[in-house]
file upload.txt (compact mmCIF, C-alpha atoms and all ligand atoms)
# COMPACT_ATOMS: atom_id res chain seq x y z
CA MET A 243 86.74 79.48 188.52
CA THR A 244 86.05 78.55 184.91
CA ASN A 245 88.54 79.05 182.11
CA VAL A 246 87.47 81.65 179.57
CA LEU A 247 90.26 80.80 177.15
CA SER A 248 92.39 77.67 176.94
CA LEU A 249 95.16 77.26 174.43
CA GLU A 250 96.26 73.66 174.10
CA LYS A 251 99.58 72.79 172.49
CA ILE A 252 99.46 75.58 169.94
CA VAL A 253 102.07 75.34 167.18
CA LYS A 254 102.41 77.87 164.36
CA THR A 255 105.01 77.47 161.65
CA PHE A 256 105.80 79.69 158.67
CA PRO A 257 107.63 78.69 155.48
CA HIS A 258 111.08 80.22 155.54
CA HIS A 259 113.66 79.76 152.75
CA LYS A 260 112.35 76.31 151.79
CA ARG A 261 112.37 75.30 155.46
CA VAL A 262 109.94 75.85 158.30
CA PHE A 263 110.26 78.45 160.99
CA THR A 264 108.41 77.69 164.22
CA ALA A 265 107.07 80.99 165.60
CA VAL A 266 104.92 79.37 168.32
CA ASP A 267 106.18 76.08 169.65
CA ASP A 268 103.76 73.96 171.71
CA VAL A 269 102.21 76.67 173.87
CA SER A 270 99.48 75.82 176.39
CA LEU A 271 97.83 78.23 178.78
CA ARG A 272 94.55 78.70 180.62
CA ILE A 273 92.98 82.02 181.51
CA LYS A 274 90.45 82.08 184.35
CA GLU A 275 87.37 84.23 184.25
CA GLY A 276 87.84 87.74 185.65
CA THR A 277 91.64 87.55 185.75
CA VAL A 278 94.48 89.19 183.87
CA TYR A 279 96.97 86.84 182.22
CA GLY A 280 100.20 88.57 181.25
CA LEU A 281 102.33 87.26 178.42
CA VAL A 282 105.79 88.77 178.37
CA GLY A 283 108.81 88.19 176.15
CA GLU A 284 111.14 90.14 173.92
CA SER A 285 110.20 91.22 170.43
CA GLY A 286 110.04 88.30 168.00
CA SER A 287 109.31 85.68 170.67
CA GLY A 288 105.93 84.81 169.08
CA LYS A 289 103.47 86.72 171.28
CA SER A 290 101.46 88.37 168.49
CA THR A 291 101.40 85.17 166.46
CA LEU A 292 99.95 83.38 169.49
CA ALA A 293 97.34 86.15 169.88
CA ARG A 294 96.34 85.83 166.20
CA CYS A 295 95.99 82.08 166.63
CA ALA A 296 93.83 82.61 169.74
CA MET A 297 91.52 84.94 167.78
CA GLN A 298 91.66 82.51 164.81
CA LEU A 299 92.82 85.41 162.65
CA MET A 300 95.28 82.76 161.50
CA ARG A 301 94.84 79.02 161.90
CA PRO A 302 97.39 77.38 164.15
CA THR A 303 99.41 74.64 162.45
CA SER A 304 98.27 72.37 165.28
CA GLY A 305 96.71 72.63 168.71
CA ARG A 306 93.33 73.69 170.04
CA THR A 307 91.76 76.99 171.11
CA ILE A 308 88.84 76.60 173.50
CA PHE A 309 86.92 79.81 174.13
CA GLU A 310 83.92 79.77 176.47
CA GLY A 311 83.54 76.04 175.79
CA ASP A 312 83.77 76.23 171.98
CA ASP A 313 86.64 74.59 170.08
CA LEU A 314 87.26 77.47 167.66
CA GLY A 315 89.05 75.28 165.12
CA LYS A 316 85.82 73.33 164.57
CA LEU A 317 83.46 76.26 163.96
CA THR A 318 82.06 77.33 160.62
CA PRO A 319 83.13 80.80 159.42
CA ARG A 320 79.71 82.15 160.37
CA ALA A 321 79.84 80.70 163.89
CA LEU A 322 83.40 81.96 164.25
CA ARG A 323 82.33 85.49 163.32
CA ASN A 324 79.77 85.32 166.08
CA VAL A 325 82.30 84.04 168.61
CA ARG A 326 84.78 86.77 167.66
CA SER A 327 82.28 89.41 168.73
CA ARG A 328 82.69 87.95 172.23
CA MET A 329 86.46 88.53 172.09
CA GLY A 330 87.78 92.06 171.81
CA MET A 331 91.22 92.93 170.54
CA VAL A 332 93.26 96.06 171.17
CA LEU A 333 96.40 96.55 169.09
CA GLN A 334 99.63 98.44 169.50
CA ASN A 335 99.31 101.26 167.03
CA PRO A 336 96.16 103.19 167.91
CA VAL A 337 96.34 105.80 165.15
CA ALA A 338 97.06 103.33 162.34
CA SER A 339 94.28 100.99 163.45
CA LEU A 340 91.63 103.66 162.88
CA ASN A 341 90.37 104.60 159.43
CA PRO A 342 91.76 108.15 158.91
CA ARG A 343 88.69 109.26 156.94
CA MET A 344 86.12 107.94 159.39
CA THR A 345 84.90 110.01 162.33
CA ILE A 346 85.43 108.54 165.77
CA GLY A 347 81.69 108.00 166.08
CA ALA A 348 81.58 106.09 162.79
CA SER A 349 84.54 103.94 163.88
CA VAL A 350 82.80 103.00 167.12
CA ALA A 351 79.54 102.39 165.21
CA GLU A 352 81.22 99.85 162.91
CA PRO A 353 81.32 96.87 165.32
CA LEU A 354 77.88 97.85 166.66
CA ARG A 355 76.39 97.75 163.15
CA ALA A 356 78.10 94.44 162.41
CA HIS A 357 77.08 92.62 165.57
CA THR A 358 73.99 94.33 167.03
CA THR A 359 70.64 95.53 165.74
CA LEU A 360 71.05 99.04 167.17
CA LYS A 361 69.94 101.88 164.87
CA GLY A 362 69.21 105.61 164.98
CA GLN A 363 69.02 107.20 168.41
CA ALA A 364 69.76 103.92 170.24
CA LEU A 365 72.95 103.53 168.20
CA GLN A 366 73.96 107.14 168.91
CA SER A 367 73.45 106.80 172.64
CA LYS A 368 75.41 103.52 172.72
CA ILE A 369 78.30 105.30 170.94
CA GLU A 370 78.14 108.10 173.53
CA ASP A 371 78.10 105.59 176.40
CA LEU A 372 81.14 103.80 175.00
CA LEU A 373 83.08 107.05 174.51
CA ASP A 374 82.13 108.05 178.04
CA GLU A 375 83.32 104.70 179.43
CA VAL A 376 86.79 105.21 177.99
CA GLY A 377 87.01 108.78 179.25
CA LEU A 378 86.24 110.61 176.00
CA GLY A 379 83.38 113.09 175.85
CA ALA A 380 80.60 112.54 173.32
CA GLY A 381 81.95 115.62 171.50
CA HIS A 382 84.79 113.47 170.20
CA ALA A 383 82.35 111.49 168.05
CA HIS A 384 82.51 114.10 165.25
CA ARG A 385 86.30 114.32 165.15
CA LEU A 386 88.73 112.52 162.89
CA PRO A 387 91.63 110.38 164.18
CA HIS A 388 94.28 113.00 163.27
CA GLN A 389 92.55 115.49 165.56
CA LEU A 390 93.15 113.20 168.55
CA SER A 391 96.31 112.35 170.50
CA GLY A 392 97.79 108.84 170.49
CA GLY A 393 96.32 108.16 173.91
CA GLN A 394 92.87 109.37 172.81
CA CYS A 395 93.06 107.15 169.70
CA GLN A 396 93.88 104.19 171.94
CA ARG A 397 90.81 105.04 174.05
CA VAL A 398 88.78 104.81 170.81
CA GLY A 399 90.44 101.45 170.11
CA ILE A 400 89.32 100.26 173.53
CA ALA A 401 85.77 101.60 172.96
CA ARG A 402 85.61 99.65 169.68
CA ALA A 403 86.86 96.50 171.40
CA LEU A 404 84.20 96.90 174.11
CA ALA A 405 81.36 97.69 171.69
CA THR A 406 80.02 94.14 171.51
CA SER A 407 80.33 93.61 175.30
CA PRO A 408 82.98 90.89 175.09
CA ARG A 409 84.02 89.06 178.26
CA LEU A 410 87.61 88.66 177.02
CA LEU A 411 89.96 91.31 175.69
CA ILE A 412 93.24 90.43 174.00
CA LEU A 413 95.52 93.42 174.47
CA ASP A 414 98.60 93.19 172.24
CA GLU A 415 101.13 95.80 173.37
CA PRO A 416 98.30 98.26 174.15
CA THR A 417 100.61 100.97 175.47
CA SER A 418 103.88 100.31 173.63
CA ALA A 419 103.39 103.07 171.04
CA LEU A 420 102.46 105.71 173.63
CA ASP A 421 104.49 108.22 175.65
CA VAL A 422 105.35 106.94 179.12
CA SER A 423 102.99 109.40 180.88
CA VAL A 424 100.11 108.38 178.61
CA GLN A 425 100.92 104.69 179.09
CA ALA A 426 100.03 104.96 182.78
CA GLN A 427 96.66 106.62 181.98
CA ILE A 428 95.73 103.87 179.53
CA LEU A 429 96.83 101.15 181.97
CA ASN A 430 94.69 102.75 184.68
CA LEU A 431 91.72 102.86 182.32
CA LEU A 432 92.22 99.20 181.42
CA GLN A 433 92.45 98.29 185.10
CA ASP A 434 89.27 100.22 185.98
CA LEU A 435 87.32 98.62 183.12
CA GLN A 436 88.57 95.16 184.07
CA GLN A 437 87.54 95.58 187.69
CA GLN A 438 84.18 97.29 187.03
CA LYS A 439 83.06 94.81 184.40
CA GLY A 440 84.82 91.69 185.69
CA LEU A 441 86.55 91.33 182.32
CA THR A 442 89.20 88.77 181.47
CA TYR A 443 92.39 89.98 179.79
CA LEU A 444 95.20 88.40 177.87
CA LEU A 445 97.73 91.20 178.21
CA ILE A 446 100.71 90.94 175.90
CA SER A 447 103.76 93.14 176.29
CA HIS A 448 107.52 93.13 175.94
CA ASP A 449 107.49 95.54 178.91
CA LEU A 450 107.72 93.79 182.27
CA ASP A 451 106.42 96.82 184.15
CA VAL A 452 103.21 96.83 182.12
CA VAL A 453 102.59 93.15 182.72
CA ARG A 454 103.47 93.40 186.40
CA TYR A 455 101.08 96.30 186.95
CA LEU A 456 97.94 94.43 185.88
CA SER A 457 98.51 90.68 185.82
CA ASP A 458 97.38 87.97 188.19
CA GLU A 459 99.27 85.28 186.31
CA VAL A 460 102.24 85.63 184.00
CA ALA A 461 103.85 83.51 181.32
CA VAL A 462 107.32 84.25 179.99
CA MET A 463 107.81 83.47 176.31
CA LYS A 464 111.13 82.92 174.55
CA SER A 465 111.65 81.74 170.96
CA GLY A 466 108.06 80.53 170.66
CA LYS A 467 107.97 78.61 173.95
CA ILE A 468 106.68 79.43 177.40
CA VAL A 469 109.72 78.99 179.60
CA GLU A 470 108.06 79.85 182.90
CA SER A 471 104.56 80.66 184.15
CA GLY A 472 102.77 81.15 187.45
CA ALA A 473 101.39 83.72 189.87
CA ALA A 474 102.62 87.19 188.88
CA GLU A 475 104.13 88.01 192.26
CA ARG A 476 106.07 84.74 192.32
CA ILE A 477 107.45 85.26 188.80
CA PHE A 478 108.67 88.74 189.68
CA THR A 479 110.03 88.03 193.15
CA ASP A 480 111.30 84.47 192.72
CA PRO A 481 111.97 83.74 189.03
CA GLN A 482 112.99 80.14 188.41
CA HIS A 483 114.19 80.34 184.83
CA ASP A 484 117.44 81.97 183.75
CA TYR A 485 115.69 83.82 180.93
CA THR A 486 113.16 85.36 183.34
CA ARG A 487 116.05 86.53 185.53
CA THR A 488 117.75 88.05 182.51
CA LEU A 489 114.57 89.93 181.58
CA LEU A 490 114.17 91.20 185.14
CA GLU A 491 117.79 92.30 185.32
CA ALA A 492 117.46 94.17 182.03
CA ALA A 493 114.33 96.02 183.19
CA PRO A 494 114.67 99.68 184.16
CA GLY A 495 114.71 100.20 187.88
CA HIS A 496 116.62 97.00 188.49
CA LYS A 497 119.80 97.62 190.44
CA ALA A 498 121.99 95.87 187.90
CA SER A 499 120.76 97.91 184.96
CA PRO A 500 122.29 101.28 184.15
CA ALA A 501 119.89 104.22 183.88
CA VAL A 502 119.44 104.51 180.14
CA GLY A 503 116.36 106.68 180.05
CA SER A 504 114.48 104.01 178.18
CA HIS A 505 111.30 102.63 179.66
CA THR A 506 111.35 99.43 177.70
CA LEU A 507 113.53 96.38 177.34
CA SER A 508 116.05 96.29 174.58
CA ALA A 509 115.16 93.80 171.92
CA PRO A 510 118.40 92.57 170.39
CA ASN A 511 117.05 90.35 167.62
CA THR A 512 113.94 92.16 166.52
CA GLN A 513 112.57 90.64 163.34
CA GLY A 514 108.83 90.81 163.61
CA SER A 515 106.71 93.85 164.12
CA ASN A 516 104.93 94.33 167.38
N1 LIG B 601 103.07 86.02 158.70
C1 LIG B 601 104.34 85.68 159.02
N2 LIG B 601 105.14 85.07 158.12
C2 LIG B 601 106.40 84.71 158.44
N3 LIG B 601 106.98 84.91 159.64
C3 LIG B 601 106.22 85.52 160.58
C4 LIG B 601 104.87 85.93 160.33
N4 LIG B 601 104.38 86.51 161.46
C5 LIG B 601 105.37 86.45 162.36
N5 LIG B 601 106.47 85.86 161.84
C6 LIG B 601 107.74 85.61 162.55
O1 LIG B 601 107.43 84.94 163.76
C7 LIG B 601 108.27 85.41 164.81
C8 LIG B 601 107.41 85.88 165.96
O2 LIG B 601 106.76 87.10 165.59
P1 LIG B 601 105.70 87.81 166.50
O3 LIG B 601 104.65 86.83 166.87
O4 LIG B 601 105.27 89.06 165.83
O5 LIG B 601 106.56 88.13 167.82
P2 LIG B 601 106.29 89.19 168.99
O6 LIG B 601 104.87 89.62 168.93
O7 LIG B 601 106.64 88.45 170.24
O8 LIG B 601 107.24 90.33 168.75
C9 LIG B 601 109.16 86.49 164.22
O9 LIG B 601 110.41 85.93 163.91
C10 LIG B 601 108.42 86.89 162.98
O10 LIG B 601 109.32 87.36 161.99
MG MG B 602 104.03 91.50 168.86

call {"tool": "encode", "arguments": {"input": "upload.txt", "output": "structure tokens"}}
result
Amino acid sequence: MTNVLSLEKIVKTFPHHKRVFTAVDDVSLRIKEGTVYGLVGESGSGKSTLARCAMQLMRPTSGRTIFEGDDLGKLTPRALRNVRSRMGMVLQNPVASLNPRMTIGASVAEPLRAHTTLKGQALQSKIEDLLDEVGLGAGHAHRLPHQLSGGQCQRVGIARALATSPRLLILDEPTSALDVSVQAQILNLLQDLQQQKGLTYLLISHDLDVVRYLSDEVAVMKSGKIVESGAAERIFTDPQHDYTRTLLEAAPGHKASPAVGSHTLSAPNTQGSN
């Protein structure tokens, strides 16, 4: 199987009080075509920074990103724009990531206008197809984001990410802002789309259950480093690293953890936003 995305020794530092803070510290990973790669770690461990480096939304301080054979660090801005249309990104906060004054149809049209030549009726029917694919009727096209639920807004986010028919989706905490019952619906949708279209996912979450549900391979990130990675089932049934064991023990449903009514891990030293 070929690798869709390879990250090689990615480092990302930020200036911090006249010193440097290393948010991503020498991370390498390879994602095979048609698989789901889960990246798990508590808040602030560097997951979103790594995702932004992979999309080249920020340049890594060092290291290489190879996507479908292209070294993204070497591309011109124009070539990079083209490549980005082959990578979709879904973010945590579905309502905030939509323009509140734009109808759902107009929001889905945006990436289509930017990256395809579709116009008129062909554009309209593509918008309807995309809304249909994510389980929203075409009638939603005329609505505004505030008229939709959080889960419906995330479906729109997924439709936008799929608009340019990318082979890779980077999903950064795609269900973390949603109610638990809605989380399962969105995860099911993501699973169906992945299987039907043979998509490749980089699925980022601080929630072990989310990652476990979909992933073939998993990497565990702590303080900017991957401390353990491998086949998902092995990571969850036979963790080798102490930190992975700690995460598993803190997860709801684990026998050692008290029932706290929270679905997610506690994040003791949250600094960054998700
Ligand atoms: N643009 C930035 N400038 C300075 N520090 C940042 C920036 N982005 C992220 N960080 C810091 O990098 C660390 C990792 O953040 P982030 O990648 O958002 O973690 P995660 O997604 O795992 O919660 C945090 O300590 C955060 O404060
Ligand atoms: Mg994050």

call {"tool": "residues_around", "arguments": {"input": "upload.txt", "residues": "Val350 in chain A", "least_positions_apart": "4", "cutoff": "10 Å", "atoms": "only C-alpha atoms", "output": "MDAnalysis selection string"}}
result
chainID A and resid 340 344:346 354:355 365:366 368:370 372:373 383 398:405

call {"tool": "residues_near_ligand", "arguments": {"input": "upload.txt", "ligand": "ligand MG 602 (chain B)", "cutoff": "9 Å", "atoms": "all atoms listed in the file", "output": "number ranges by chain"}}
result
A: 284-291, 293, 334, 414-415, 446-448, 514-516

call {"tool": "closest_residue", "arguments": {"input": "upload.txt", "among": "A:Gly392, A:Gly280, A:Pro481, A:Gly347", "to": "Val453 in chain A", "atoms": "only C-alpha atoms"}}
result
A:Gly280

call {"tool": "atom_distance", "arguments": {"input": "upload.txt", "atom1": "CA of Val469 in chain A", "atom2": "CA of Val278 in chain A"}}
result
18.8 Å

call {"tool": "closest_atom_pairs", "arguments": {"input": "upload.txt", "of": "chain A", "to": "ligand LIG 601 (chain B)", "cutoff": "12 Å", "atoms": "all atoms listed in the file", "output": "Markdown table"}}
result
| residue | atom | partner | partner_atom | distance |
| --- | --- | --- | --- | --- |
| A:Val253 | CA | B:LIG601 | O1 | 11.5 |
| A:Lys254 | CA | B:LIG601 | O1 | 8.7 |
| A:Thr255 | CA | B:LIG601 | N3 | 8.0 |
| A:Phe256 | CA | B:LIG601 | C2 | 5.1 |
| A:Pro257 | CA | B:LIG601 | C2 | 6.8 |
| A:His258 | CA | B:LIG601 | C2 | 7.1 |
| A:His259 | CA | B:LIG601 | C2 | 10.5 |
| A:Arg261 | CA | B:LIG601 | C2 | 11.5 |
| A:Val262 | CA | B:LIG601 | C2 | 9.5 |
| A:Phe263 | CA | B:LIG601 | N3 | 7.4 |
| A:Thr264 | CA | B:LIG601 | O1 | 7.3 |
| A:Ala265 | CA | B:LIG601 | O1 | 4.4 |
| A:Val266 | CA | B:LIG601 | C8 | 7.4 |
| A:Asp267 | CA | B:LIG601 | C8 | 10.5 |
| A:Leu281 | CA | B:LIG601 | O7 | 9.3 |
| A:Val282 | CA | B:LIG601 | O7 | 8.2 |
| A:Gly283 | CA | B:LIG601 | O7 | 6.3 |
| A:Glu284 | CA | B:LIG601 | O7 | 6.1 |
| A:Ser285 | CA | B:LIG601 | O8 | 3.5 |
| A:Gly286 | CA | B:LIG601 | O5 | 3.5 |
| A:Ser287 | CA | B:LIG601 | O7 | 3.9 |
| A:Gly288 | CA | B:LIG601 | O3 | 3.3 |
| A:Lys289 | CA | B:LIG601 | O7 | 3.8 |
| A:Ser290 | CA | B:LIG601 | O6 | 3.7 |
| A:Thr291 | CA | B:LIG601 | O3 | 3.7 |
| A:Leu292 | CA | B:LIG601 | O3 | 6.4 |
| A:Ala293 | CA | B:LIG601 | O3 | 7.9 |
| A:Arg294 | CA | B:LIG601 | O3 | 8.4 |
| A:Cys295 | CA | B:LIG601 | O3 | 9.9 |
| A:Ala296 | CA | B:LIG601 | O3 | 12.0 |
| A:Leu299 | CA | B:LIG601 | N1 | 11.0 |
| A:Met300 | CA | B:LIG601 | N1 | 8.9 |
| A:Arg301 | CA | B:LIG601 | N1 | 11.3 |
| A:Pro302 | CA | B:LIG601 | N1 | 11.7 |
| A:Leu333 | CA | B:LIG601 | O6 | 10.9 |
| A:Gln334 | CA | B:LIG601 | O6 | 10.3 |
| A:Leu413 | CA | B:LIG601 | O6 | 11.5 |
| A:Asp414 | CA | B:LIG601 | O6 | 7.9 |
| A:Glu415 | CA | B:LIG601 | O6 | 8.5 |
| A:Ser418 | CA | B:LIG601 | O8 | 11.6 |
| A:Leu445 | CA | B:LIG601 | O6 | 11.8 |
| A:Ile446 | CA | B:LIG601 | O6 | 8.2 |
| A:Ser447 | CA | B:LIG601 | O7 | 8.2 |
| A:His448 | CA | B:LIG601 | O7 | 7.4 |
| A:Asp449 | CA | B:LIG601 | O7 | 11.2 |
| A:Val462 | CA | B:LIG601 | O7 | 10.6 |
| A:Met463 | CA | B:LIG601 | O7 | 7.9 |
| A:Lys464 | CA | B:LIG601 | O7 | 8.3 |
| A:Ser465 | CA | B:LIG601 | C8 | 7.8 |
| A:Gly466 | CA | B:LIG601 | C8 | 7.2 |
| A:Lys467 | CA | B:LIG601 | O7 | 10.6 |
| A:Ile468 | CA | B:LIG601 | O7 | 11.5 |
| A:Ala509 | CA | B:LIG601 | O8 | 9.2 |
| A:Pro510 | CA | B:LIG601 | O8 | 11.5 |
| A:Asn511 | CA | B:LIG601 | O9 | 8.8 |
| A:Thr512 | CA | B:LIG601 | O8 | 7.3 |
| A:Gln513 | CA | B:LIG601 | O10 | 4.8 |
| A:Gly514 | CA | B:LIG601 | O10 | 3.8 |
| A:Ser515 | CA | B:LIG601 | O4 | 5.3 |
| A:Asn516 | CA | B:LIG601 | O8 | 4.8 |

call {"tool": "closest_residue", "arguments": {"input": "upload.txt", "among": "A:Thr359, A:Gln425, A:Ser304, A:Thr406", "to": "Gly393 in chain A", "atoms": "only C-alpha atoms"}}
result
A:Gln425

call {"tool": "axis_aligned_box", "arguments": {"input": "upload.txt", "around": "range 297-302 of chain A", "padding_each_side": "4 Å", "output": "lines of an AutoDock Vina configuration file"}}
result
center_x = 94.5
center_y = 81.4
center_z = 164.6
size_x = 13.9
size_y = 16.0
size_z = 14.3

call {"tool": "atom_distance", "arguments": {"input": "upload.txt", "atom1": "CA of Leu411 in chain A", "atom2": "CA of Met331 in chain A"}}
result
5.5 Å

call {"tool": "residues_near_point", "arguments": {"input": "upload.txt", "point": "(94.8, 103.7, 184.5)", "cutoff": "12 Å", "atoms": "all atoms listed in the file", "output": "list of chain:residue names"}}
result
A:Val376, A:Gly377, A:Gly393, A:Arg397, A:Thr417, A:Ser423, A:Val424, A:Gln425, A:Ala426, A:Gln427, A:Ile428, A:Leu429, A:Asn430, A:Leu431, A:Leu432, A:Gln433, A:Asp434, A:Leu435, A:Gln436, A:Gln437, A:Val452, A:Tyr455, A:Leu456

call {"tool": "write_last_selection", "arguments": {"input": "upload.txt", "atoms": "C-alpha atoms", "output": "mmCIF file, in the coordinates of the input"}}
result
data_model
loop_
_atom_site.group_PDB
_atom_site.id
_atom_site.type_symbol
_atom_site.label_atom_id
_atom_site.label_comp_id
_atom_site.auth_asym_id
_atom_site.auth_seq_id
_atom_site.Cartn_x
_atom_site.Cartn_y
_atom_site.Cartn_z
ATOM 1 C CA VAL A 376 86.790 105.210 177.990
ATOM 2 C CA GLY A 377 87.010 108.780 179.250
ATOM 3 C CA GLY A 393 96.320 108.160 173.910
ATOM 4 C CA ARG A 397 90.810 105.040 174.050
ATOM 5 C CA THR A 417 100.610 100.970 175.470
ATOM 6 C CA SER A 423 102.990 109.400 180.880
ATOM 7 C CA VAL A 424 100.110 108.380 178.610
ATOM 8 C CA GLN A 425 100.920 104.690 179.090
ATOM 9 C CA ALA A 426 100.030 104.960 182.780
ATOM 10 C CA GLN A 427 96.660 106.620 181.980
ATOM 11 C CA ILE A 428 95.730 103.870 179.530
ATOM 12 C CA LEU A 429 96.830 101.150 181.970
ATOM 13 C CA ASN A 430 94.690 102.750 184.680
ATOM 14 C CA LEU A 431 91.720 102.860 182.320
ATOM 15 C CA LEU A 432 92.220 99.200 181.420
ATOM 16 C CA GLN A 433 92.450 98.290 185.100
ATOM 17 C CA ASP A 434 89.270 100.220 185.980
ATOM 18 C CA LEU A 435 87.320 98.620 183.120
ATOM 19 C CA GLN A 436 88.570 95.160 184.070
ATOM 20 C CA GLN A 437 87.540 95.580 187.690
ATOM 21 C CA VAL A 452 103.210 96.830 182.120
ATOM 22 C CA TYR A 455 101.080 96.300 186.950
ATOM 23 C CA LEU A 456 97.940 94.430 185.880
#

call {"tool": "atom_distance", "arguments": {"input": "upload.txt", "atom1": "CA of Thr244 in chain A", "atom2": "CA of Thr318 in chain A"}}
result
24.6 Å

call {"tool": "decode", "arguments": {"input": "upload.txt", "residues": "range 277-292 of chain A", "atoms": "N, CA and C atoms", "output": "mmCIF file, in the first residue's frame"}}
result
data_model
loop_
_atom_site.group_PDB
_atom_site.id
_atom_site.type_symbol
_atom_site.label_atom_id
_atom_site.label_comp_id
_atom_site.auth_asym_id
_atom_site.auth_seq_id
_atom_site.Cartn_x
_atom_site.Cartn_y
_atom_site.Cartn_z
ATOM 1 N N THR A 277 -6.631 4.098 4.769
ATOM 2 C CA THR A 277 -6.666 3.737 6.195
ATOM 3 C C THR A 277 -6.969 4.964 7.060
ATOM 4 N N VAL A 278 -7.291 4.678 8.308
ATOM 5 C CA VAL A 278 -7.520 5.752 9.276
ATOM 6 C C VAL A 278 -6.386 5.723 10.293
ATOM 7 N N TYR A 279 -5.694 6.860 10.397
ATOM 8 C CA TYR A 279 -4.581 6.991 11.335
ATOM 9 C C TYR A 279 -5.053 7.885 12.470
ATOM 10 N N GLY A 280 -5.124 7.340 13.653
ATOM 11 C CA GLY A 280 -5.597 8.108 14.811
ATOM 12 C C GLY A 280 -4.434 8.714 15.562
ATOM 13 N N LEU A 281 -4.575 9.993 15.900
ATOM 14 C CA LEU A 281 -3.552 10.673 16.698
ATOM 15 C C LEU A 281 -4.232 11.126 17.983
ATOM 16 N N VAL A 282 -3.780 10.574 19.103
ATOM 17 C CA VAL A 282 -4.441 10.847 20.369
ATOM 18 C C VAL A 282 -3.438 11.433 21.349
ATOM 19 N N GLY A 283 -3.928 12.276 22.230
ATOM 20 C CA GLY A 283 -3.063 12.883 23.252
ATOM 21 C C GLY A 283 -3.843 13.985 23.922
ATOM 22 N N GLU A 284 -3.458 14.309 25.155
ATOM 23 C CA GLU A 284 -4.257 15.301 25.875
ATOM 24 C C GLU A 284 -4.098 16.689 25.246
ATOM 25 N N SER A 285 -4.974 17.574 25.660
ATOM 26 C CA SER A 285 -4.972 18.933 25.146
ATOM 27 C C SER A 285 -3.602 19.578 25.377
ATOM 28 N N GLY A 286 -3.094 20.265 24.373
ATOM 29 C CA GLY A 286 -1.802 20.933 24.500
ATOM 30 C C GLY A 286 -0.620 20.068 24.094
ATOM 31 N N SER A 287 -0.874 18.837 23.659
ATOM 32 C CA SER A 287 0.247 17.946 23.330
ATOM 33 C C SER A 287 0.825 18.218 21.943
ATOM 34 N N GLY A 288 0.178 19.089 21.143
ATOM 35 C CA GLY A 288 0.760 19.483 19.852
ATOM 36 C C GLY A 288 0.041 18.911 18.641
ATOM 37 N N LYS A 289 -1.111 18.301 18.846
ATOM 38 C CA LYS A 289 -1.822 17.636 17.748
ATOM 39 C C LYS A 289 -2.257 18.616 16.658
ATOM 40 N N SER A 290 -2.885 19.724 17.059
ATOM 41 C CA SER A 290 -3.374 20.682 16.056
ATOM 42 C C SER A 290 -2.217 21.372 15.342
ATOM 43 N N THR A 291 -1.150 21.637 16.083
ATOM 44 C CA THR A 291 0.029 22.244 15.460
ATOM 45 C C THR A 291 0.585 21.304 14.387
ATOM 46 N N LEU A 292 0.618 20.010 14.703
ATOM 47 C CA LEU A 292 1.098 19.039 13.722
ATOM 48 C C LEU A 292 0.182 19.019 12.492
#
